[in-house]
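Have a look at entry.cif below; it lists mmCIF, C-alpha atoms.
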data_query
#
loop_
_atom_site.label_atom_id
_atom_site.label_comp_id
_atom_site.auth_asym_id
_atom_site.auth_seq_id
_atom_site.Cartn_x
_atom_site.Cartn_y
_atom_site.Cartn_z
CA MET U 1336 187.41 257.23 79.05
CA SER U 1337 186.59 253.69 79.99
CA TYR U 1338 183.93 253.31 82.60
CA ASP U 1339 182.73 250.19 84.35
CA PRO U 1340 179.17 250.63 85.66
CA ASN U 1341 179.87 248.01 88.30
CA ARG U 1342 182.81 249.85 89.80
CA SER U 1343 180.94 250.79 92.97
CA GLU U 1344 180.63 247.07 93.71
CA MET U 1345 184.33 246.35 93.25
CA SER U 1346 186.42 245.39 96.23
CA GLU U 1347 188.92 247.78 97.72
CA PHE U 1348 191.03 244.79 98.74
CA ILE U 1349 193.55 242.87 96.66
CA SER U 1350 195.07 239.47 97.23
CA ALA U 1351 197.39 237.34 95.10
CA TRP U 1352 199.61 234.34 95.68
CA ASN U 1353 201.62 231.58 94.08
CA SER U 1354 199.74 228.29 93.96
CA SER U 1355 202.94 226.26 93.45
CA ASN U 1356 206.13 225.76 95.42
CA GLN U 1357 209.05 227.65 93.94
CA ASN U 1358 212.72 226.80 94.26
CA LEU U 1359 214.81 229.50 95.87
CA PRO U 1360 218.40 230.39 95.05
CA TYR U 1361 220.98 228.33 96.95
CA ARG U 1362 223.77 229.90 98.94
CA VAL U 1363 225.81 228.78 101.95
CA GLU U 1364 228.84 231.06 101.64
CA ASN U 1365 229.62 233.23 104.64
CA SER U 1366 228.90 236.44 102.78
CA GLU U 1367 225.87 238.03 101.22
CA ALA U 1368 224.89 238.59 97.60
CA ASP U 1369 222.09 240.49 95.87
CA TYR U 1370 219.94 238.00 93.95
CA ASN U 1371 217.19 240.34 92.66
CA TYR U 1372 215.12 237.18 92.32
CA THR U 1373 211.45 237.52 91.39
CA LEU U 1374 209.01 235.43 93.39
CA ASN U 1375 206.24 233.95 91.29
CA LEU U 1376 202.64 235.10 91.60
CA ASN U 1377 200.07 233.29 89.49
CA THR U 1378 196.72 233.57 91.26
CA VAL U 1379 194.50 236.58 91.90
CA GLY U 1380 192.07 236.23 94.76
CA GLU U 1381 190.20 239.27 95.93
CA GLY U 1382 190.11 242.45 93.90
CA ASP U 1383 190.25 243.82 90.41
CA SER U 1384 193.83 243.33 89.28
CA THR U 1385 195.87 241.26 86.85
CA ILE U 1386 199.20 239.48 87.08
CA VAL U 1387 201.57 239.95 84.17
CA SER U 1388 205.03 238.40 84.47
CA ASN U 1389 204.55 237.95 88.24
CA LYS U 1390 203.65 241.61 88.72
CA ILE U 1391 200.28 242.67 90.13
CA THR U 1392 198.85 245.58 88.18
CA LEU U 1393 195.76 247.46 89.28
CA ALA U 1394 192.86 247.64 86.85
CA GLU U 1395 192.70 251.40 86.41
CA SER U 1396 195.37 254.02 86.06
CA GLY U 1397 195.52 256.49 88.90
CA LEU U 1398 194.88 253.86 91.53
CA TYR U 1399 197.39 253.05 94.25
CA GLY U 1400 197.59 250.22 96.69
CA PHE U 1401 199.17 249.77 100.08
CA PHE U 1402 200.72 246.32 99.66
CA THR U 1403 202.05 243.80 102.16
CA GLY U 1404 204.30 240.97 101.00
CA ASP U 1405 205.04 237.76 102.86
CA VAL U 1406 206.93 234.55 102.15
CA ARG U 1407 207.13 231.21 103.89
CA SER U 1408 209.92 228.92 102.80
CA ASN U 1409 211.51 225.62 103.67
CA SER U 1410 215.27 225.21 103.70
CA ASP U 1411 214.99 221.43 104.02
CA SER U 1412 216.04 220.51 100.50
CA SER U 1413 218.84 218.01 100.06
CA PRO U 1414 221.90 220.01 99.18
CA SER U 1415 225.39 218.74 99.88
CA SER U 1416 225.73 221.50 102.43
CA GLN U 1417 222.68 222.69 104.34
CA PRO U 1418 222.02 226.42 104.60
CA TRP U 1419 221.85 227.55 108.20
CA GLY U 1420 218.33 228.84 108.41
CA ASP U 1421 217.21 231.12 105.69
CA LEU U 1422 218.77 234.55 105.93
CA TYR U 1423 217.37 236.76 103.22
CA GLU U 1424 215.30 239.86 102.67
CA ILE U 1425 212.23 240.37 100.55
CA HIS U 1426 211.01 243.61 99.05
CA PHE U 1427 208.72 245.07 96.44
CA ASP U 1428 210.32 246.31 93.25
CA THR U 1429 208.62 249.69 93.50
CA SER U 1430 207.36 251.87 96.33
CA ASP U 1431 206.90 255.55 96.89
CA GLY U 1432 207.77 254.94 100.53
CA ASP U 1433 211.29 255.30 101.82
CA ASP U 1434 211.85 251.56 102.11
CA SER U 1435 209.99 248.34 101.45
CA ALA U 1436 212.34 245.60 102.60
CA GLY U 1437 211.61 243.17 105.40
CA GLY U 1438 213.82 240.36 106.65
CA ASN U 1439 213.17 236.65 106.63
CA VAL U 1440 215.03 234.65 109.23
CA GLN U 1441 213.87 231.16 110.01
CA ARG U 1442 213.89 229.98 113.62
CA THR U 1443 214.31 233.47 115.03
CA ASN U 1444 212.08 236.48 115.23
CA ARG U 1445 214.41 239.42 115.44
CA ASN U 1446 213.08 240.98 112.22
CA ASP U 1447 209.64 241.90 110.91
CA ASP U 1448 209.59 239.44 108.01
CA GLN U 1449 206.97 241.24 105.93
CA CYS U 1450 207.61 243.98 103.41
CA TYR U 1451 205.43 246.92 102.45
CA SER U 1452 204.94 249.31 99.55
CA ILE U 1453 202.75 252.05 98.17
CA SER U 1454 202.50 251.67 94.42
CA SER U 1455 200.23 250.96 91.45
CA THR U 1456 202.03 247.64 90.87
CA ALA U 1457 203.50 244.97 93.11
CA GLU U 1458 206.32 242.58 92.24
CA LEU U 1459 207.82 240.62 95.13
CA LYS U 1460 211.58 240.07 95.13
CA VAL U 1461 214.22 238.21 97.10
CA GLY U 1462 217.08 240.68 97.36
CA TYR U 1463 220.13 240.18 99.53
CA ALA U 1464 220.70 236.71 100.90
CA TYR U 1465 223.38 235.39 103.24
CA GLN U 1466 222.15 231.81 103.48
CA ILE U 1467 219.25 230.58 101.40
CA GLY U 1468 217.98 227.34 99.93
CA GLY U 1469 214.99 225.06 99.61
CA TYR U 1470 211.71 226.34 98.27
CA THR U 1471 208.73 228.54 98.97
CA LEU U 1472 205.68 226.80 100.40
CA SER U 1473 202.50 227.26 98.40
CA PRO U 1474 200.45 229.41 98.83
CA TRP U 1475 202.68 231.36 101.18
CA VAL U 1476 204.20 233.66 98.62
CA ARG U 1477 201.43 236.17 98.95
CA VAL U 1478 200.60 239.80 98.50
CA LEU U 1479 197.74 241.57 100.22
CA GLY U 1480 196.73 245.09 99.33
CA VAL U 1481 194.15 247.76 99.84
CA LEU U 1482 193.34 250.61 97.49
CA ILE U 1483 194.18 253.93 99.10
CA GLU U 1484 193.88 257.65 98.61
CA ARG U 1485 196.89 259.72 97.62
CA MET T 1484 177.64 261.87 82.42
CA THR T 1485 177.41 260.50 85.94
CA TYR T 1486 180.37 258.66 87.42
CA THR T 1487 180.12 256.29 90.33
CA SER T 1488 182.93 256.33 92.84
CA ARG T 1489 185.10 253.29 93.15
CA PRO T 1490 185.47 252.06 96.73
CA ILE T 1491 188.82 253.08 98.15
CA ALA T 1492 189.95 252.64 101.72
CA PRO T 1493 189.43 255.99 103.44
CA PHE T 1494 192.91 256.44 104.83
CA LYS T 1495 196.25 257.82 103.75
CA ILE T 1496 199.58 256.21 104.46
CA ASP T 1497 203.28 256.97 104.42
CA ILE T 1498 206.10 254.47 104.68
CA LEU T 1499 209.09 256.10 106.36
CA SER T 1500 212.52 254.75 107.15
CA ALA T 1501 214.02 254.37 110.59
CA GLY T 1502 217.59 254.60 111.78
CA ASN T 1503 219.62 253.12 114.59
CA PRO T 1504 219.83 254.31 118.19
CA SER T 1505 222.94 256.14 119.34
CA SER T 1506 223.50 253.32 121.82
CA TYR T 1507 221.85 249.98 122.44
CA THR T 1508 220.52 250.58 125.94
CA ALA T 1509 217.08 250.80 127.49
CA GLY T 1510 215.39 254.14 126.96
CA GLN T 1511 217.29 255.02 123.79
CA LYS T 1512 215.38 256.60 120.92
CA ILE T 1513 215.23 254.85 117.58
CA PRO T 1514 215.02 257.73 115.13
CA PHE T 1515 212.48 258.02 112.33
CA THR T 1516 213.70 259.63 109.11
CA GLY T 1517 212.22 260.81 105.85
CA THR T 1518 209.37 263.11 104.91
CA PRO T 1519 205.71 262.14 104.85
CA ASN T 1520 204.25 262.70 101.37
CA ASN T 1521 200.68 261.54 101.78
CA THR T 1522 199.66 262.20 105.38
CA THR T 1523 199.72 265.44 107.38
CA ALA T 1524 202.22 264.02 109.88
CA SER T 1525 205.67 265.58 110.15
CA VAL T 1526 209.08 264.29 111.18
CA SER T 1527 211.70 266.24 113.12
CA SER T 1528 214.61 265.19 115.34
CA GLY T 1529 213.78 261.54 114.72
CA GLN T 1530 210.30 261.97 116.14
CA ILE T 1531 206.96 262.01 114.37
CA THR T 1532 204.26 264.57 115.10
CA ILE T 1533 200.62 263.73 114.49
CA TYR T 1534 197.73 266.13 114.70
CA GLU T 1535 194.24 266.44 116.09
CA GLY T 1536 191.46 266.00 113.52
CA SER T 1537 192.48 262.52 112.38
CA ASN T 1538 192.82 259.10 113.96
CA TRP T 1539 196.29 257.56 113.56
CA LYS T 1540 197.69 254.06 113.36
CA LEU T 1541 201.47 253.82 113.67
CA GLU T 1542 203.46 250.64 113.03
CA TYR T 1543 207.22 250.42 113.51
CA SER T 1544 208.90 247.32 112.06
CA ALA T 1545 212.16 246.60 113.82
CA ILE T 1546 215.16 245.16 111.99
CA PHE T 1547 218.19 244.39 114.13
CA GLN T 1548 221.11 242.05 114.35
CA GLY T 1549 222.23 240.05 117.34
CA ASP T 1550 225.60 238.93 118.62
CA ALA T 1551 228.21 239.04 115.86
CA VAL T 1552 229.05 235.36 116.23
CA THR T 1553 225.90 233.65 117.49
CA GLY T 1554 223.26 236.04 116.13
CA GLN T 1555 221.48 235.83 119.47
CA CYS T 1556 219.60 238.77 120.95
CA GLN T 1557 216.47 239.76 122.78
CA PHE T 1558 214.68 243.08 122.75
CA GLU T 1559 211.47 244.94 123.42
CA ILE T 1560 210.75 248.21 121.63
CA GLN T 1561 207.67 250.37 122.08
CA LEU T 1562 206.28 253.63 120.77
CA TYR T 1563 206.60 256.46 123.31
CA SER T 1564 204.53 259.61 123.53
CA VAL T 1565 206.98 262.39 124.26
CA THR T 1566 203.99 264.68 124.77
CA ASP T 1567 202.45 262.47 127.45
CA GLU T 1568 205.75 261.04 128.74
CA ASP T 1569 204.42 257.50 128.53
CA TYR T 1570 204.74 254.35 126.45
CA ILE T 1571 201.76 253.66 124.19
CA GLY T 1572 200.35 250.73 122.21
CA HIS T 1573 201.75 247.24 121.71
CA SER T 1574 205.48 246.62 121.89
CA ALA T 1575 207.69 244.85 119.38
CA TRP T 1576 209.29 241.74 120.81
CA GLY T 1577 212.29 240.00 119.30
CA THR T 1578 214.02 236.84 120.47
CA THR T 1579 216.40 234.21 119.21
CA PRO T 1580 217.13 230.73 120.58
CA ASN T 1581 218.68 230.79 124.08
CA GLN T 1582 217.38 234.32 124.65
CA ASN T 1583 214.12 234.07 126.63
CA ASN T 1584 212.76 232.41 123.53
CA LEU T 1585 209.60 231.07 125.14
CA ARG T 1586 207.94 234.44 124.82
CA LYS T 1587 206.98 235.06 121.21
CA GLY T 1588 205.61 238.11 119.50
CA ARG T 1589 205.50 240.14 116.36
CA VAL T 1590 208.52 242.35 115.79
CA VAL T 1591 206.29 245.35 115.21
CA ALA T 1592 205.43 248.10 117.68
CA SER T 1593 202.04 249.62 116.96
CA ALA T 1594 199.61 252.11 118.40
CA LEU T 1595 196.19 253.47 117.51
CA ILE T 1596 195.82 257.07 118.61
CA LEU T 1597 192.39 258.64 118.36
CA SER T 1598 191.89 262.27 117.51
CA SER T 1599 190.14 262.66 120.86
CA GLU T 1600 193.41 261.69 122.56
CA ILE T 1601 195.33 264.45 120.83
CA SER T 1602 195.36 268.04 122.05
CA THR T 1603 196.47 269.92 118.93
CA SER T 1604 199.40 267.56 118.30
CA LYS T 1605 201.32 264.66 119.77
CA VAL T 1606 205.04 263.90 119.41
CA ILE T 1607 205.94 260.21 119.25
CA GLU T 1608 209.18 258.26 119.04
CA ALA T 1609 210.26 254.61 119.31
CA ARG T 1610 212.29 253.56 122.33
CA ILE T 1611 214.16 250.51 123.48
CA VAL T 1612 212.34 249.19 126.55
CA SER T 1613 214.82 246.42 127.21
CA GLN T 1614 217.47 244.53 125.29
CA ALA T 1615 220.24 241.95 125.45
CA GLN T 1616 222.96 241.69 122.80
CA LEU T 1617 221.03 243.95 120.44
CA ALA T 1618 223.23 245.25 117.64
CA GLU T 1619 223.15 247.41 114.54
CA PRO T 1620 222.34 245.48 111.38
CA THR T 1621 225.50 245.43 109.28
CA TYR T 1622 224.22 243.18 106.51
CA ASN T 1623 221.67 244.02 103.83
CA PHE T 1624 219.97 240.63 104.15
CA ASN T 1625 218.43 241.80 107.42
CA GLY T 1626 216.10 244.07 105.46
CA LYS T 1627 215.22 247.62 106.43
CA PRO T 1628 213.19 249.01 109.32
CA THR T 1629 210.14 251.08 108.47
CA LEU T 1630 207.52 253.23 110.13
CA ARG T 1631 204.07 253.06 108.57
CA VAL T 1632 201.94 256.09 109.32
CA MET T 1633 198.23 255.68 108.62
CA GLU T 1634 195.92 258.69 108.85
CA LEU T 1635 192.27 257.74 109.22
CA PRO T 1636 189.21 259.97 109.27
CA ALA T 1637 188.12 260.92 112.77
#

Structure re-expressed in structure tokens:
Amino acid sequence: MSYDPNRSEMSEFISAWNSSNQNLPYRVENSEADYNYTLNLNTVGEGDSTIVSNKITLAESGLYGFFTGDVRSNSDSSPSSQPWGDLYEIHFDTSDGDDSAGGNVQRTNRNDDQCYSISSTAELKVGYAYQIGGYTLSPWVRVLGVLIER
Amino acid sequence: MTYTSRPIAPFKIDILSAGNPSSYTAGQKIPFTGTPNNTTASVSSGQITIYEGSNWKLEYSAIFQGDAVTGQCQFEIQLYSVTDEDYIGHSAWGTTPNQNNLRKGRVVASALILSSEISTSKVIEARIVSQAQLAEPTYNFNGKPTLRVMELPA
């Protein structure tokens, strides 16, 4: 069994983000589609975790985190047709909760635009989108977490 | 061999789903669904029951749609103690342009209930306080509403 003698000094908090802007899918049709699009994470801040293929993984097996995901994006790219706002949802790929999806609607606040999960890993996804375009604004693709009991 | 505990936040949490009210009028219940796996809370008839002996933080994230054409709506939703017959905590506030949009707020209704405020148990639901053009979300891109139930040591 691996044992880190410094574990009592480790943080119970986790933070990670993408340090670069990331292009989003582009859609202006008047219907929705499921993009299952992974948002990049490349920087670990607080906590003892790693990022492998944009997925946060906790350092020890048997640990679980309560994660919050958030995205800020800009639809002001230069497409031939401009998306009306950004109408899409974000979610974590895994959660032992009933749901993890939150909305993301620019210029209105009729949805909670964060998503949540309880899991040992955290990968942030763009799922269904009605209108979407532009890019994420660094470092506002971010995941915050706290280690919890189960 | 002596092991040293790793720091872990001393609370348990469940993420539950939420449904839609039977009608979009003030006073209507927004039902909670699902079964808590990690906390000692329970769900029945769309209401959550929490118990004395723990402190509780509840957060309901609202997801709704507005007018079918314009998308406009306005609403306030708050947690309601059925036991005490009173609204509790901070309300969720949603607006779109042209709908009282000067008032801004987070679209999350939350409440911290201390064990000392609970006599054996407390039954809580979410209710529409007020609304205009609020509608059931018919598209997946709106996301999904959730109730986060956090049980903290008293």

| said: Quick check: residues of chain U within 8 Å of chain T, only C-alpha atoms, returned as a PyMOL selection string. | reply: chain U and resi 1340+1342-1347+1367+1401+1422-1425+1431-1439+1442-1447+1451-1453+1462-1465+1481-1485

Would you save the residues of that selection, restricted to C-alpha atoms, as an mmCIF file, in the frame of the given file?
data_model
loop_
_atom_site.group_PDB
_atom_site.id
_atom_site.type_symbol
_atom_site.label_atom_id
_atom_site.label_comp_id
_atom_site.auth_asym_id
_atom_site.auth_seq_id
_atom_site.Cartn_x
_atom_site.Cartn_y
_atom_site.Cartn_z
ATOM 1 C CA PRO U 1340 179.170 250.630 85.660
ATOM 2 C CA ARG U 1342 182.810 249.850 89.800
ATOM 3 C CA SER U 1343 180.940 250.790 92.970
ATOM 4 C CA GLU U 1344 180.630 247.070 93.710
ATOM 5 C CA MET U 1345 184.330 246.350 93.250
ATOM 6 C CA SER U 1346 186.420 245.390 96.230
ATOM 7 C CA GLU U 1347 188.920 247.780 97.720
ATOM 8 C CA GLU U 1367 225.870 238.030 101.220
ATOM 9 C CA PHE U 1401 199.170 249.770 100.080
ATOM 10 C CA LEU U 1422 218.770 234.550 105.930
ATOM 11 C CA TYR U 1423 217.370 236.760 103.220
ATOM 12 C CA GLU U 1424 215.300 239.860 102.670
ATOM 13 C CA ILE U 1425 212.230 240.370 100.550
ATOM 14 C CA ASP U 1431 206.900 255.550 96.890
ATOM 15 C CA GLY U 1432 207.770 254.940 100.530
ATOM 16 C CA ASP U 1433 211.290 255.300 101.820
ATOM 17 C CA ASP U 1434 211.850 251.560 102.110
ATOM 18 C CA SER U 1435 209.990 248.340 101.450
ATOM 19 C CA ALA U 1436 212.340 245.600 102.600
ATOM 20 C CA GLY U 1437 211.610 243.170 105.400
ATOM 21 C CA GLY U 1438 213.820 240.360 106.650
ATOM 22 C CA ASN U 1439 213.170 236.650 106.630
ATOM 23 C CA ARG U 1442 213.890 229.980 113.620
ATOM 24 C CA THR U 1443 214.310 233.470 115.030
ATOM 25 C CA ASN U 1444 212.080 236.480 115.230
ATOM 26 C CA ARG U 1445 214.410 239.420 115.440
ATOM 27 C CA ASN U 1446 213.080 240.980 112.220
ATOM 28 C CA ASP U 1447 209.640 241.900 110.910
ATOM 29 C CA TYR U 1451 205.430 246.920 102.450
ATOM 30 C CA SER U 1452 204.940 249.310 99.550
ATOM 31 C CA ILE U 1453 202.750 252.050 98.170
ATOM 32 C CA GLY U 1462 217.080 240.680 97.360
ATOM 33 C CA TYR U 1463 220.130 240.180 99.530
ATOM 34 C CA ALA U 1464 220.700 236.710 100.900
ATOM 35 C CA TYR U 1465 223.380 235.390 103.240
ATOM 36 C CA VAL U 1481 194.150 247.760 99.840
ATOM 37 C CA LEU U 1482 193.340 250.610 97.490
ATOM 38 C CA ILE U 1483 194.180 253.930 99.100
ATOM 39 C CA GLU U 1484 193.880 257.650 98.610
ATOM 40 C CA ARG U 1485 196.890 259.720 97.620
#

| field | Length of the CA of Tyr1534 in chain T to CA of Tyr1399 in chain U vector [Å] | value | 24.3 Å

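Relative to CA of Gly1480 in chain U, CA of Arg1407 in chain U is found at 17.9 Å.
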
| request: Can you turn the PyMOL selection byres ((chain U and resi 1376) around 7) into a concrete residue list for this file, as a list in words? | output: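 Applied to this file, the PyMOL selection byres ((chain U and resi 1376) around 7) returns Ala1351, Trp1352, Asn1353, Leu1374, Asn1375, Asn1377, Thr1378 and Asn1389 of chain U.
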
| Å distance separating CA of Thr1456 in chain U from CA of Ser1354 in chain U, one decimal place | 19.7 Å

| query | Out of T:Ser1593, T:Ser1537, T:Asn1583, T:Ser1604, which residue has the shortest atom-to-atom distance to Asp1567 in chain T when counting all atoms listed in the file? | reply | T:Ser1604

Might I get the box with edges along x, y and z of the file that holds all atoms of range 1537-1542 of chain T listed there, padded by 3 Å on every side, given as centre and edge lengths in Å to one decimal, as lines of an AutoDock Vina configuration file?
center_x = 198.0
center_y = 256.6
center_z = 113.2
size_x = 17.0
size_y = 17.9
size_z = 7.6

| request: Convert the output of the PyMOL selection byres ((chain T and resi 1538) around 8) on the shown file into explicit residues, formatted as a PyMOL selection string. | output: chain T and resi 1535-1537+1539-1540+1595-1598+1634-1637

| message | Quick one: residues within 9 Å of Ile1607 in chain T, all atoms listed in the file, excluding same-chain residues fewer than 5 positions away - as a PyMOL selection string? | response | chain T and resi 1530-1533+1562-1566

| request: Find, counting only C-alpha atoms, the residue in T:Ala1551, T:Leu1585, T:Val1526, T:Ser1602 that gets nearest to Thr1621 in chain T. | output: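 Ranking T:Ala1551, T:Leu1585, T:Val1526, T:Ser1602 by distance to Thr1621 in chain T, first place goes to T:Ala1551.
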
| request: With the file shown as input, list the residues that the PyMOL selection byres ((chain T and resi 1574) around 6) selects, as JSON, numbers by chain. | output: {"T": [1560, 1561, 1573, 1575, 1592]}
